[in-house]
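One structure below.
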Protein chains: 2
Amino acid sequence: MKASSASASSVNPLQQLENQLCFPLYAASRMLTKAYQPLLQEFDLTYPQYLVLLLLWEHQERTVKELGEHLLLDSGTLTPLLKRMEQRQLISRRRDPRDERSVIIGLLPAGEALRQPTCRIPEQLFEKMGFPLMEFEALRDQLNNLLTRLR
Amino acid sequence: MKASSASASSVNPLQQLENQLCFPLYAASRMLTKAYQPLLQEFDLTYPQYLVLLLLWEHQERTVKELGEHLLLDSGTLTPLLKRMEQRQLISRRRDPRDERSVIIGLLPAGEALRQPTCRIPEQLFEKMGFPLMEFEALRDQLNNLLTRLR
DNA sequence: TAAAATTAAATTGCACACAATTGAATTTTA
DNA sequence: TAAAATTCAATTGTGTGCAATTTAATTTTA
């Protein structure tokens, strides 16, 4: 055994990708986002933009702060993303007259119009994955559980 | 009920964040990477850079292609990342003489030197999360399972 | 074996992500 | 209530991610 090289027997198991939680999380997240991509690009949406629309379809108006709280994203990410969506007239941005610090994001007709045509995307993706429903739900619940801890 | 607005009763449950698999995956991945950050910044490493080192600690030499296969990243991501690591003398980059298309990434002393001082990071993180071991392992295995499907 | 196809990295361009800072508005406090 | 502290969004700068293209090297095929 060479002292200076990493032979398999001397590898700390916790330093191996497959034994970590973070790596499969990191990789699966990117793979799943990539799986969304062909379905979303038909509507010229990125995944984070789609998430913003999901929230606005529930409530037509949200402040940047509220969007950030739900998506766990800060204004450094949201501001430019929302400006791109504003340019496409999917959403509106205006200061809250009652608190000029806040910016209210509103759903515009073009944003509302994407609601129906995109509504089957989650099912389509689920079918595409061929993941058993039980496992899907178990994984989802455990991830939401983890998320609560990390938040 | 206003016809034009999204009332709670008319929301497609599959279009709600908490019912999706992708969102908690996306959010948990970012949160967990963020949890790594304070531990990694002591060594001036980003999470993807740390992943490269984990692989090189197992095998001192890997081609860019091999790194990409393990990390599920392409050269568009890896090339600039590896160049930054090369500048810091953590790794070396050279063409494979037997196949000049390939670039071999080698572990340099400064990269090897990070191995011991970072070896407790996975445990530290695990302790920090306070996630029960059983759940940790179950989640990890399900994610690796999902990853296999998505790959 | 010469042309065609394939492969591996690099490059380009765009969109996140996020830490840190800034600036304006609001709230708290002395 | 005036000063201090806090809050919210925007900005700045760096580092991924990734699709698409390019370039060079190798392999396959006609």
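Just so we're on the same page: first chain in the structure tokens is A, next is B, and so on; residues restart at 1 for each chain, and ligands are numbered from 1 in the order they show up.
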Requested in this report: Provide as number ranges by chain the residues of chain A at most 6 Å from chain B, counting only C-alpha atoms.
Outcome: A: 6, 21, 24-26, 28-29, 57-58, 140, 143-144, 147
Contacts of chain D with chain A up to 9 Å, shortest pair per row, only C-alpha atoms (C1' of nucleotides), as a tab-separated table:
residue	atom	partner	partner_atom	distance
D:DT7	C1'	A:Arg101	CA	7.9
D:DC8	C1'	A:Arg101	CA	5.1
D:DA9	C1'	A:Ser75	CA	6.5
D:DA10	C1'	A:Thr79	CA	7.3
D:DT11	C1'	A:Gly76	CA	8.1
D:DG17	C1'	A:Arg30	CA	8.6
Could you write out the selected residues, including C-alpha atoms (C1' of nucleotides), as a compact mmCIF listing (two decimals), in the first residue's frame?
# COMPACT_ATOMS: atom_id res chain seq x y z
C1' DT D 7 -36.59 45.66 6.98
C1' DC D 8 -37.00 45.14 1.99
C1' DA D 9 -35.39 45.21 -2.56
C1' DA D 10 -31.77 46.21 -5.62
C1' DT D 11 -27.03 45.85 -6.86
C1' DG D 17 -25.28 24.75 -14.52
Report task. Would you mind reading off the distance between atom C1' of DC16 of chain C and atom C1' of DT16 of chain D, one decimal, in Å? Result -> 8.7 Å
Query raised in the report: What lies within 12 Å of DT6 of chain D using only C-alpha atoms (C1' of nucleotides), ignoring chain neighbours under 5 positions off, as a ChimeraX atom specification?
Result: /C:25-29
Given the selection you just returned, output its residues as a file containing N, CA and C atoms (P, O5', C5', C4', C3', O3' and C1' of nucleotides), formatted as a short mmCIF file (atom, residue, chain, number, x, y, z; two decimals), in the first residue's frame.
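Saved the output as out-v7.cif:
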data_model
loop_
_atom_site.label_atom_id
_atom_site.label_comp_id
_atom_site.auth_asym_id
_atom_site.auth_seq_id
_atom_site.Cartn_x
_atom_site.Cartn_y
_atom_site.Cartn_z
P DA C 25 -37.72 56.40 0.03
"O5'" DA C 25 -38.44 55.43 1.07
"C5'" DA C 25 -38.98 54.20 0.60
"C4'" DA C 25 -39.43 53.39 1.79
"C3'" DA C 25 -40.34 54.13 2.76
"O3'" DA C 25 -41.50 53.35 2.98
"C1'" DA C 25 -38.50 53.16 3.91
P DT C 26 -42.69 53.85 3.87
"O5'" DT C 26 -42.39 53.11 5.23
"C5'" DT C 26 -42.28 51.69 5.23
"C4'" DT C 26 -41.83 51.20 6.58
"C3'" DT C 26 -42.68 51.66 7.76
"O3'" DT C 26 -43.21 50.52 8.39
"C1'" DT C 26 -40.36 51.85 8.23
P DT C 27 -44.21 50.62 9.62
"O5'" DT C 27 -43.23 50.25 10.82
"C5'" DT C 27 -42.45 49.07 10.72
"C4'" DT C 27 -41.52 48.97 11.92
"C3'" DT C 27 -42.19 49.22 13.27
"O3'" DT C 27 -41.80 48.18 14.14
"C1'" DT C 27 -40.27 50.60 13.03
P DT C 28 -42.39 48.07 15.61
"O5'" DT C 28 -41.09 48.43 16.46
"C5'" DT C 28 -39.85 47.83 16.11
"C4'" DT C 28 -38.72 48.45 16.92
"C3'" DT C 28 -39.03 48.64 18.40
"O3'" DT C 28 -37.94 48.13 19.15
"C1'" DT C 28 -38.27 50.68 17.47
P DT C 29 -38.00 48.05 20.70
"O5'" DT C 29 -37.11 49.30 21.11
"C5'" DT C 29 -35.82 49.47 20.51
"C4'" DT C 29 -35.21 50.78 20.97
"C3'" DT C 29 -35.44 51.11 22.45
"O3'" DT C 29 -34.27 51.74 22.95
"C1'" DT C 29 -36.25 52.87 21.17
#
Please superimpose chain B on chain A using every C-alpha atom, paired by order, in a least-squares fit, and write the moved chain as an mmCIF file with C-alpha atoms, in the first residue's frame.
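For reference, result-v8.cif as written:
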data_model
loop_
_atom_site.group_PDB
_atom_site.id
_atom_site.type_symbol
_atom_site.label_atom_id
_atom_site.label_comp_id
_atom_site.auth_asym_id
_atom_site.auth_seq_id
_atom_site.Cartn_x
_atom_site.Cartn_y
_atom_site.Cartn_z
ATOM 1 C CA MET B 1 -0.035 -0.140 -0.434
ATOM 2 C CA LYS B 2 1.445 3.125 -1.487
ATOM 3 C CA ALA B 3 1.569 5.567 1.394
ATOM 4 C CA SER B 4 1.000 8.578 -0.791
ATOM 5 C CA SER B 5 -1.987 7.381 -2.802
ATOM 6 C CA ALA B 6 -5.602 6.808 -1.870
ATOM 7 C CA SER B 7 -6.214 3.071 -2.028
ATOM 8 C CA ALA B 8 -9.788 1.869 -1.728
ATOM 9 C CA SER B 9 -9.221 0.412 1.729
ATOM 10 C CA SER B 10 -8.076 3.732 3.170
ATOM 11 C CA VAL B 11 -11.041 5.736 1.901
ATOM 12 C CA ASN B 12 -13.287 7.195 4.564
ATOM 13 C CA PRO B 13 -16.717 5.771 3.673
ATOM 14 C CA LEU B 14 -18.366 9.027 4.681
ATOM 15 C CA GLN B 15 -16.250 10.732 2.041
ATOM 16 C CA GLN B 16 -17.766 8.626 -0.730
ATOM 17 C CA LEU B 17 -20.473 10.206 -2.810
ATOM 18 C CA GLU B 18 -22.967 7.375 -2.567
ATOM 19 C CA ASN B 19 -22.874 7.395 1.236
ATOM 20 C CA GLN B 20 -23.679 11.042 1.491
ATOM 21 C CA LEU B 21 -27.086 12.600 1.577
ATOM 22 C CA CYS B 22 -26.108 15.848 -0.035
ATOM 23 C CA PHE B 23 -24.727 14.486 -3.271
ATOM 24 C CA PRO B 24 -27.751 12.414 -4.362
ATOM 25 C CA LEU B 25 -29.900 15.358 -3.345
ATOM 26 C CA TYR B 26 -27.806 17.735 -5.408
ATOM 27 C CA ALA B 27 -27.655 15.414 -8.407
ATOM 28 C CA ALA B 28 -31.280 14.299 -8.298
ATOM 29 C CA SER B 29 -32.431 17.888 -8.040
ATOM 30 C CA ARG B 30 -30.529 18.854 -11.152
ATOM 31 C CA MET B 31 -31.630 15.759 -13.049
ATOM 32 C CA LEU B 32 -35.267 16.321 -12.195
ATOM 33 C CA THR B 33 -35.078 19.992 -13.137
ATOM 34 C CA LYS B 34 -33.539 18.865 -16.397
ATOM 35 C CA ALA B 35 -36.440 16.460 -16.887
ATOM 36 C CA TYR B 36 -38.817 19.400 -16.514
ATOM 37 C CA GLN B 37 -36.939 21.413 -19.067
ATOM 38 C CA PRO B 38 -38.307 19.939 -22.328
ATOM 39 C CA LEU B 39 -41.840 20.352 -20.982
ATOM 40 C CA LEU B 40 -41.223 23.925 -19.867
ATOM 41 C CA GLN B 41 -39.255 25.168 -22.850
ATOM 42 C CA GLU B 42 -42.378 24.863 -24.951
ATOM 43 C CA PHE B 43 -43.594 27.811 -22.871
ATOM 44 C CA ASP B 44 -40.177 29.458 -22.733
ATOM 45 C CA LEU B 45 -40.035 29.061 -18.953
ATOM 46 C CA THR B 46 -37.187 28.081 -16.683
ATOM 47 C CA TYR B 47 -37.934 25.944 -13.658
ATOM 48 C CA PRO B 48 -37.622 28.806 -11.123
ATOM 49 C CA GLN B 49 -39.855 30.975 -13.296
ATOM 50 C CA TYR B 50 -42.403 28.158 -13.371
ATOM 51 C CA LEU B 51 -42.270 28.011 -9.569
ATOM 52 C CA VAL B 52 -43.076 31.716 -9.384
ATOM 53 C CA LEU B 53 -46.072 31.165 -11.630
ATOM 54 C CA LEU B 54 -47.260 28.228 -9.490
ATOM 55 C CA LEU B 55 -47.340 30.580 -6.507
ATOM 56 C CA LEU B 56 -49.099 33.348 -8.424
ATOM 57 C CA TRP B 57 -51.691 30.931 -9.733
ATOM 58 C CA GLU B 58 -52.592 30.272 -6.095
ATOM 59 C CA HIS B 59 -52.608 33.949 -5.125
ATOM 60 C CA GLN B 60 -52.574 36.520 -7.882
ATOM 61 C CA GLU B 61 -50.448 38.880 -5.872
ATOM 62 C CA ARG B 62 -47.393 38.213 -3.763
ATOM 63 C CA THR B 63 -44.620 40.431 -2.525
ATOM 64 C CA VAL B 64 -41.053 39.558 -3.452
ATOM 65 C CA LYS B 65 -40.543 38.743 0.193
ATOM 66 C CA GLU B 66 -43.416 36.247 0.187
ATOM 67 C CA LEU B 67 -42.177 34.608 -2.988
ATOM 68 C CA GLY B 68 -38.754 34.363 -1.410
ATOM 69 C CA GLU B 69 -40.127 32.803 1.755
ATOM 70 C CA HIS B 70 -41.949 30.109 -0.194
ATOM 71 C CA LEU B 71 -39.160 29.396 -2.656
ATOM 72 C CA LEU B 72 -36.317 29.966 -0.182
ATOM 73 C CA LEU B 73 -34.709 32.394 -2.583
ATOM 74 C CA ASP B 74 -33.473 35.901 -1.858
ATOM 75 C CA SER B 75 -33.875 39.118 -3.804
ATOM 76 C CA GLY B 76 -30.468 38.639 -5.389
ATOM 77 C CA THR B 77 -31.959 35.709 -7.269
ATOM 78 C CA LEU B 78 -35.541 36.873 -7.554
ATOM 79 C CA THR B 79 -35.103 40.457 -8.694
ATOM 80 C CA PRO B 80 -33.425 39.697 -12.034
ATOM 81 C CA LEU B 81 -35.643 36.650 -12.579
ATOM 82 C CA LEU B 82 -38.786 38.694 -11.976
ATOM 83 C CA LYS B 83 -37.542 41.481 -14.221
ATOM 84 C CA ARG B 84 -37.213 38.983 -17.059
ATOM 85 C CA MET B 85 -40.760 37.792 -16.412
ATOM 86 C CA GLU B 86 -41.945 41.392 -16.320
ATOM 87 C CA GLN B 87 -40.345 42.093 -19.692
ATOM 88 C CA ARG B 88 -42.356 39.237 -21.139
ATOM 89 C CA GLN B 89 -45.523 40.675 -19.551
ATOM 90 C CA LEU B 90 -46.094 37.529 -17.520
ATOM 91 C CA ILE B 91 -46.131 39.525 -14.278
ATOM 92 C CA SER B 92 -46.271 43.094 -13.031
ATOM 93 C CA ARG B 93 -44.003 44.734 -10.466
ATOM 94 C CA ARG B 94 -45.062 47.720 -8.403
ATOM 95 C CA ARG B 95 -44.297 49.166 -4.990
ATOM 96 C CA ASP B 96 -46.857 48.626 -2.266
ATOM 97 C CA PRO B 97 -48.374 52.100 -1.664
ATOM 98 C CA ARG B 98 -48.836 51.230 2.025
ATOM 99 C CA ASP B 99 -45.185 50.217 2.401
ATOM 100 C CA GLU B 100 -42.929 51.505 -0.289
ATOM 101 C CA ARG B 101 -40.207 49.064 0.704
ATOM 102 C CA SER B 102 -42.223 46.137 -0.609
ATOM 103 C CA VAL B 103 -42.651 45.210 -4.249
ATOM 104 C CA ILE B 104 -45.875 43.486 -5.192
ATOM 105 C CA ILE B 105 -45.700 40.952 -7.987
ATOM 106 C CA GLY B 106 -48.978 40.543 -9.855
ATOM 107 C CA LEU B 107 -50.116 37.962 -12.361
ATOM 108 C CA LEU B 108 -50.755 39.422 -15.819
ATOM 109 C CA PRO B 109 -53.028 37.845 -18.468
ATOM 110 C CA ALA B 110 -50.080 36.270 -20.294
ATOM 111 C CA GLY B 111 -49.035 34.625 -17.022
ATOM 112 C CA GLU B 112 -52.560 33.476 -16.244
ATOM 113 C CA ALA B 113 -52.819 32.137 -19.782
ATOM 114 C CA LEU B 114 -50.029 29.635 -19.115
ATOM 115 C CA ARG B 115 -51.947 28.036 -16.298
ATOM 116 C CA GLN B 116 -54.149 25.632 -18.228
ATOM 117 C CA PRO B 117 -51.675 24.555 -20.913
ATOM 118 C CA THR B 118 -49.053 23.721 -18.239
ATOM 119 C CA CYS B 119 -51.373 22.014 -15.770
ATOM 120 C CA ARG B 120 -50.522 18.504 -16.933
ATOM 121 C CA ILE B 121 -46.769 18.945 -16.617
ATOM 122 C CA PRO B 122 -46.471 17.452 -13.107
ATOM 123 C CA GLU B 123 -48.408 14.354 -14.158
ATOM 124 C CA GLN B 124 -46.504 14.045 -17.399
ATOM 125 C CA LEU B 125 -43.285 14.117 -15.482
ATOM 126 C CA PHE B 126 -44.495 11.600 -12.962
ATOM 127 C CA GLU B 127 -45.476 9.231 -15.756
ATOM 128 C CA LYS B 128 -42.204 9.821 -17.543
ATOM 129 C CA MET B 129 -40.233 8.839 -14.425
ATOM 130 C CA GLY B 130 -42.187 5.638 -13.870
ATOM 131 C CA PHE B 131 -41.645 6.034 -10.139
ATOM 132 C CA PRO B 132 -44.133 4.027 -8.018
ATOM 133 C CA LEU B 133 -46.667 6.321 -6.375
ATOM 134 C CA MET B 134 -45.943 4.997 -2.887
ATOM 135 C CA GLU B 135 -42.234 5.691 -3.234
ATOM 136 C CA PHE B 136 -42.945 9.040 -4.813
ATOM 137 C CA GLU B 137 -45.067 10.106 -1.859
ATOM 138 C CA ALA B 138 -42.700 8.652 0.732
ATOM 139 C CA LEU B 139 -39.760 10.455 -0.805
ATOM 140 C CA ARG B 140 -41.693 13.705 -1.131
ATOM 141 C CA ASP B 141 -42.769 13.561 2.506
ATOM 142 C CA GLN B 142 -39.272 12.789 3.743
ATOM 143 C CA LEU B 143 -37.886 15.644 1.701
ATOM 144 C CA ASN B 144 -40.464 18.040 3.093
ATOM 145 C CA ASN B 145 -39.503 16.738 6.510
ATOM 146 C CA LEU B 146 -35.817 17.395 5.827
ATOM 147 C CA LEU B 147 -36.677 20.796 4.451
ATOM 148 C CA THR B 148 -38.435 21.714 7.679
ATOM 149 C CA ARG B 149 -35.300 20.833 9.591
ATOM 150 C CA LEU B 150 -33.050 22.820 7.320
ATOM 151 C CA ARG B 151 -35.227 25.882 7.152
#
Query raised in the report: Could you pull out all residues of segment 7-92 of chain A with a DSSP call of strand (DSSP E) and give them as a PyMOL selection string?
Result: chain A and resi 61-63+91-92
Proximity check chain C to chain B, 8 Å, nearest pairs one decimal Å, only C-alpha atoms (C1' of nucleotides), as a Markdown table:
| residue | atom | partner | partner_atom | distance |
| --- | --- | --- | --- | --- |
| C:DT7 | C1' | B:Arg101 | CA | 7.9 |
| C:DA8 | C1' | B:Arg101 | CA | 5.1 |
| C:DA9 | C1' | B:Ser75 | CA | 6.5 |
| C:DA10 | C1' | B:Thr79 | CA | 7.4 |
Any chance you can output those residues with all heavy atoms as a compact mmCIF listing (two decimals), in the first residue's frame?
# COMPACT_ATOMS: atom_id res chain seq x y z
P DT C 7 -19.72 8.16 -29.88
OP1 DT C 7 -19.82 6.84 -29.22
OP2 DT C 7 -20.87 9.10 -29.90
O5' DT C 7 -18.46 8.92 -29.27
C5' DT C 7 -17.18 8.34 -29.37
C4' DT C 7 -16.15 9.33 -28.88
O4' DT C 7 -15.96 10.37 -29.85
C3' DT C 7 -16.53 10.01 -27.57
O3' DT C 7 -15.52 9.73 -26.62
C2' DT C 7 -16.61 11.50 -27.91
C1' DT C 7 -15.74 11.58 -29.16
N1 DT C 7 -16.04 12.66 -30.13
C2 DT C 7 -15.01 13.47 -30.56
O2 DT C 7 -13.87 13.34 -30.17
N3 DT C 7 -15.38 14.43 -31.46
C4 DT C 7 -16.63 14.65 -31.97
O4 DT C 7 -16.82 15.56 -32.78
C5 DT C 7 -17.68 13.78 -31.48
C7 DT C 7 -19.07 13.96 -31.97
C6 DT C 7 -17.32 12.84 -30.59
P DA C 8 -15.67 10.11 -25.09
OP1 DA C 8 -14.98 9.09 -24.28
OP2 DA C 8 -17.09 10.46 -24.82
O5' DA C 8 -14.83 11.46 -25.02
C5' DA C 8 -13.44 11.41 -25.22
C4' DA C 8 -12.86 12.79 -24.96
O4' DA C 8 -13.21 13.64 -26.07
C3' DA C 8 -13.41 13.47 -23.70
O3' DA C 8 -12.30 13.95 -22.95
C2' DA C 8 -14.31 14.58 -24.22
C1' DA C 8 -13.75 14.86 -25.60
N9 DA C 8 -14.75 15.26 -26.59
C8 DA C 8 -16.01 14.78 -26.74
N7 DA C 8 -16.68 15.32 -27.74
C5 DA C 8 -15.78 16.23 -28.28
C6 DA C 8 -15.87 17.12 -29.36
N6 DA C 8 -16.96 17.26 -30.13
N1 DA C 8 -14.79 17.89 -29.63
C2 DA C 8 -13.69 17.74 -28.87
N3 DA C 8 -13.49 16.94 -27.84
C4 DA C 8 -14.59 16.20 -27.58
P DA C 9 -12.51 14.52 -21.47
OP1 DA C 9 -11.59 13.85 -20.55
OP2 DA C 9 -13.96 14.55 -21.17
O5' DA C 9 -11.99 16.00 -21.67
C5' DA C 9 -12.47 16.72 -22.72
C4' DA C 9 -11.61 17.92 -23.03
O4' DA C 9 -12.10 18.38 -24.29
C3' DA C 9 -11.80 19.09 -22.05
O3' DA C 9 -10.65 19.93 -22.11
C2' DA C 9 -13.04 19.75 -22.61
C1' DA C 9 -12.96 19.49 -24.11
N9 DA C 9 -14.25 19.16 -24.73
C8 DA C 9 -15.20 18.29 -24.29
N7 DA C 9 -16.28 18.23 -25.05
C5 DA C 9 -15.99 19.13 -26.07
C6 DA C 9 -16.73 19.54 -27.20
N6 DA C 9 -17.94 19.08 -27.51
N1 DA C 9 -16.16 20.44 -28.02
C2 DA C 9 -14.94 20.90 -27.71
N3 DA C 9 -14.14 20.60 -26.68
C4 DA C 9 -14.75 19.69 -25.89
P DA C 10 -10.59 21.25 -21.19
OP1 DA C 10 -9.16 21.53 -20.93
OP2 DA C 10 -11.56 21.14 -20.08
O5' DA C 10 -11.14 22.35 -22.22
C5' DA C 10 -10.43 22.55 -23.43
C4' DA C 10 -11.13 23.60 -24.26
O4' DA C 10 -12.38 23.07 -24.75
C3' DA C 10 -11.49 24.89 -23.50
O3' DA C 10 -11.00 25.98 -24.28
C2' DA C 10 -13.02 24.86 -23.42
C1' DA C 10 -13.39 24.05 -24.64
N9 DA C 10 -14.66 23.32 -24.54
C8 DA C 10 -15.02 22.43 -23.57
N7 DA C 10 -16.22 21.90 -23.75
C5 DA C 10 -16.66 22.48 -24.92
C6 DA C 10 -17.86 22.34 -25.65
N6 DA C 10 -18.85 21.53 -25.30
N1 DA C 10 -17.98 23.08 -26.79
C2 DA C 10 -16.98 23.89 -27.16
N3 DA C 10 -15.81 24.10 -26.55
C4 DA C 10 -15.71 23.36 -25.43
Report task. As JSON, numbers by chain, please: all residues of segment 13-60 of chain B that backbone DSSP puts in helix (DSSP H, G or I). Result -> {"B": [13, 14, 15, 17, 18, 19, 22, 23, 24, 25, 26, 27, 28, 29, 30, 31, 32, 33, 34, 35, 36, 37, 38, 39, 40, 41, 47, 48, 49, 50, 51, 52, 53, 54, 55, 56, 57, 58]}
Convert the current residue selection to file output with N, CA, C and O atoms, as a short mmCIF file (atom, residue, chain, number, x, y, z; two decimals), in the first residue's frame.
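Contents of the output file result_8.cif:
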data_model
loop_
_atom_site.label_atom_id
_atom_site.label_comp_id
_atom_site.auth_asym_id
_atom_site.auth_seq_id
_atom_site.Cartn_x
_atom_site.Cartn_y
_atom_site.Cartn_z
N PRO B 13 -54.21 20.48 -7.19
CA PRO B 13 -53.29 20.09 -6.11
C PRO B 13 -51.89 19.75 -6.62
O PRO B 13 -50.89 19.98 -5.94
N LEU B 14 -51.82 19.20 -7.82
CA LEU B 14 -50.52 18.84 -8.37
C LEU B 14 -49.70 20.08 -8.74
O LEU B 14 -48.52 19.99 -9.01
N GLN B 15 -50.38 21.23 -8.77
CA GLN B 15 -49.66 22.47 -9.06
C GLN B 15 -49.25 23.19 -7.78
O GLN B 15 -48.84 24.34 -7.81
N LEU B 17 -46.74 23.50 -4.57
CA LEU B 17 -45.34 23.16 -4.31
C LEU B 17 -45.17 21.93 -3.43
O LEU B 17 -44.36 21.06 -3.70
N GLU B 18 -45.96 21.90 -2.34
CA GLU B 18 -45.72 20.84 -1.34
C GLU B 18 -46.15 19.47 -1.84
O GLU B 18 -45.77 18.45 -1.26
N ASN B 19 -46.91 19.41 -2.92
CA ASN B 19 -47.32 18.12 -3.46
C ASN B 19 -46.39 17.61 -4.55
O ASN B 19 -46.54 16.51 -5.06
N CYS B 22 -40.34 17.62 -7.18
CA CYS B 22 -39.21 18.41 -7.65
C CYS B 22 -38.90 19.59 -6.75
O CYS B 22 -37.73 19.86 -6.47
N PHE B 23 -39.94 20.27 -6.27
CA PHE B 23 -39.65 21.45 -5.46
C PHE B 23 -38.91 21.14 -4.17
O PHE B 23 -37.86 21.73 -3.90
N PRO B 24 -39.41 20.21 -3.33
CA PRO B 24 -38.64 19.90 -2.11
C PRO B 24 -37.23 19.39 -2.41
O PRO B 24 -36.29 19.65 -1.64
N LEU B 25 -37.08 18.72 -3.53
CA LEU B 25 -35.77 18.26 -3.95
C LEU B 25 -34.86 19.45 -4.25
O LEU B 25 -33.72 19.54 -3.76
N TYR B 26 -35.39 20.35 -5.03
CA TYR B 26 -34.69 21.57 -5.43
C TYR B 26 -34.33 22.41 -4.20
O TYR B 26 -33.18 22.83 -4.03
N ALA B 27 -35.30 22.60 -3.33
CA ALA B 27 -35.08 23.46 -2.16
C ALA B 27 -34.15 22.78 -1.15
O ALA B 27 -33.24 23.42 -0.63
N ALA B 28 -34.38 21.50 -0.90
CA ALA B 28 -33.56 20.80 0.08
C ALA B 28 -32.11 20.71 -0.39
O ALA B 28 -31.17 20.83 0.41
N SER B 29 -31.93 20.53 -1.68
CA SER B 29 -30.58 20.48 -2.22
C SER B 29 -29.84 21.79 -1.96
O SER B 29 -28.70 21.79 -1.48
N ARG B 30 -30.52 22.89 -2.24
CA ARG B 30 -29.87 24.19 -2.02
C ARG B 30 -29.62 24.45 -0.55
O ARG B 30 -28.56 24.96 -0.16
N MET B 31 -30.59 24.08 0.29
CA MET B 31 -30.43 24.31 1.73
C MET B 31 -29.27 23.49 2.29
O MET B 31 -28.51 23.95 3.14
N LEU B 32 -29.16 22.26 1.82
CA LEU B 32 -28.10 21.39 2.34
C LEU B 32 -26.73 21.86 1.85
O LEU B 32 -25.76 21.85 2.60
N THR B 33 -26.68 22.28 0.60
CA THR B 33 -25.43 22.85 0.08
C THR B 33 -25.05 24.08 0.90
O THR B 33 -23.88 24.30 1.22
N LYS B 34 -26.06 24.86 1.25
CA LYS B 34 -25.81 26.05 2.05
C LYS B 34 -25.31 25.69 3.45
O LYS B 34 -24.50 26.40 4.04
N ALA B 35 -25.81 24.54 3.95
CA ALA B 35 -25.35 24.08 5.27
C ALA B 35 -23.88 23.65 5.21
O ALA B 35 -23.15 23.77 6.19
N TYR B 36 -23.47 23.14 4.06
CA TYR B 36 -22.06 22.77 3.88
C TYR B 36 -21.16 24.00 3.85
O TYR B 36 -20.00 23.94 4.25
N GLN B 37 -21.69 25.06 3.34
CA GLN B 37 -20.89 26.23 3.02
C GLN B 37 -19.99 26.72 4.15
O GLN B 37 -18.77 26.87 3.95
N PRO B 38 -20.53 26.97 5.37
CA PRO B 38 -19.65 27.46 6.43
C PRO B 38 -18.51 26.49 6.75
O PRO B 38 -17.42 26.93 7.13
N LEU B 39 -18.75 25.19 6.57
CA LEU B 39 -17.69 24.22 6.84
C LEU B 39 -16.65 24.23 5.73
O LEU B 39 -15.46 24.01 5.96
N LEU B 40 -17.10 24.47 4.51
CA LEU B 40 -16.20 24.44 3.36
C LEU B 40 -15.44 25.75 3.16
O LEU B 40 -14.32 25.74 2.65
N GLN B 41 -16.04 26.85 3.55
CA GLN B 41 -15.40 28.14 3.26
C GLN B 41 -14.11 28.31 4.06
O GLN B 41 -13.22 29.04 3.65
N TYR B 47 -19.04 23.78 -2.93
CA TYR B 47 -19.50 22.41 -2.84
C TYR B 47 -19.11 21.57 -4.06
O TYR B 47 -18.58 20.45 -3.90
N PRO B 48 -19.29 22.06 -5.28
CA PRO B 48 -18.86 21.25 -6.44
C PRO B 48 -17.36 21.00 -6.46
O PRO B 48 -16.92 19.93 -6.88
N GLN B 49 -16.59 21.97 -6.01
CA GLN B 49 -15.13 21.76 -5.94
C GLN B 49 -14.80 20.67 -4.93
O GLN B 49 -13.92 19.83 -5.18
N TYR B 50 -15.50 20.69 -3.82
CA TYR B 50 -15.34 19.65 -2.79
C TYR B 50 -15.67 18.27 -3.36
O TYR B 50 -14.96 17.29 -3.11
N LEU B 51 -16.71 18.20 -4.18
CA LEU B 51 -17.08 16.92 -4.80
C LEU B 51 -15.96 16.41 -5.70
O LEU B 51 -15.66 15.21 -5.72
N VAL B 52 -15.34 17.31 -6.44
CA VAL B 52 -14.21 16.91 -7.29
C VAL B 52 -13.09 16.33 -6.43
O VAL B 52 -12.52 15.28 -6.75
N LEU B 53 -12.81 16.99 -5.33
CA LEU B 53 -11.75 16.49 -4.44
C LEU B 53 -12.11 15.13 -3.86
O LEU B 53 -11.26 14.24 -3.78
N LEU B 54 -13.38 14.94 -3.48
CA LEU B 54 -13.81 13.62 -2.96
C LEU B 54 -13.46 12.53 -3.96
O LEU B 54 -12.96 11.47 -3.60
N LEU B 55 -13.72 12.80 -5.25
CA LEU B 55 -13.44 11.80 -6.27
C LEU B 55 -11.94 11.58 -6.45
O LEU B 55 -11.48 10.45 -6.65
N LEU B 56 -11.17 12.66 -6.36
CA LEU B 56 -9.72 12.53 -6.54
C LEU B 56 -9.05 11.90 -5.33
O LEU B 56 -8.00 11.27 -5.45
N TRP B 57 -9.68 12.03 -4.17
CA TRP B 57 -9.13 11.37 -3.00
C TRP B 57 -9.30 9.85 -3.11
O TRP B 57 -8.55 9.09 -2.52
N GLU B 58 -10.30 9.43 -3.88
CA GLU B 58 -10.48 7.99 -4.12
C GLU B 58 -9.51 7.48 -5.18
O GLU B 58 -8.95 6.41 -5.06
#
Which residues are near DT28 of chain D? Cut-off 10 Å, only C-alpha atoms (C1' of nucleotides), ignore same chain within fewer than 2 positions. Put them as an mmCIF file with C-alpha atoms (C1' of nucleotides), in the first residue's frame.
data_model
loop_
_atom_site.group_PDB
_atom_site.id
_atom_site.type_symbol
_atom_site.label_atom_id
_atom_site.label_comp_id
_atom_site.auth_asym_id
_atom_site.auth_seq_id
_atom_site.Cartn_x
_atom_site.Cartn_y
_atom_site.Cartn_z
ATOM 1 C "C1'" DA C 4 -17.352 10.246 -42.529
ATOM 2 C "C1'" DA C 5 -18.776 9.740 -37.999
ATOM 3 C "C1'" DT C 6 -17.832 9.975 -33.296
ATOM 4 C "C1'" DT D 26 -9.677 9.338 -32.783
ATOM 5 C "C1'" DA D 30 -16.955 2.654 -47.302
#
Requested in this report: Just the residues within 12 Å of DT12 of chain D, please, counting only C-alpha atoms (C1' of nucleotides), with nothing from its chain fewer than 2 positions along; format it as a ChimeraX atom specification.
Outcome: /A:76 /C:18-22 /D:10,14
Report summary line: What separates atom C1' of DG15 of chain D and atom C1' of DC14 of chain C is a distance of 14.4 Å
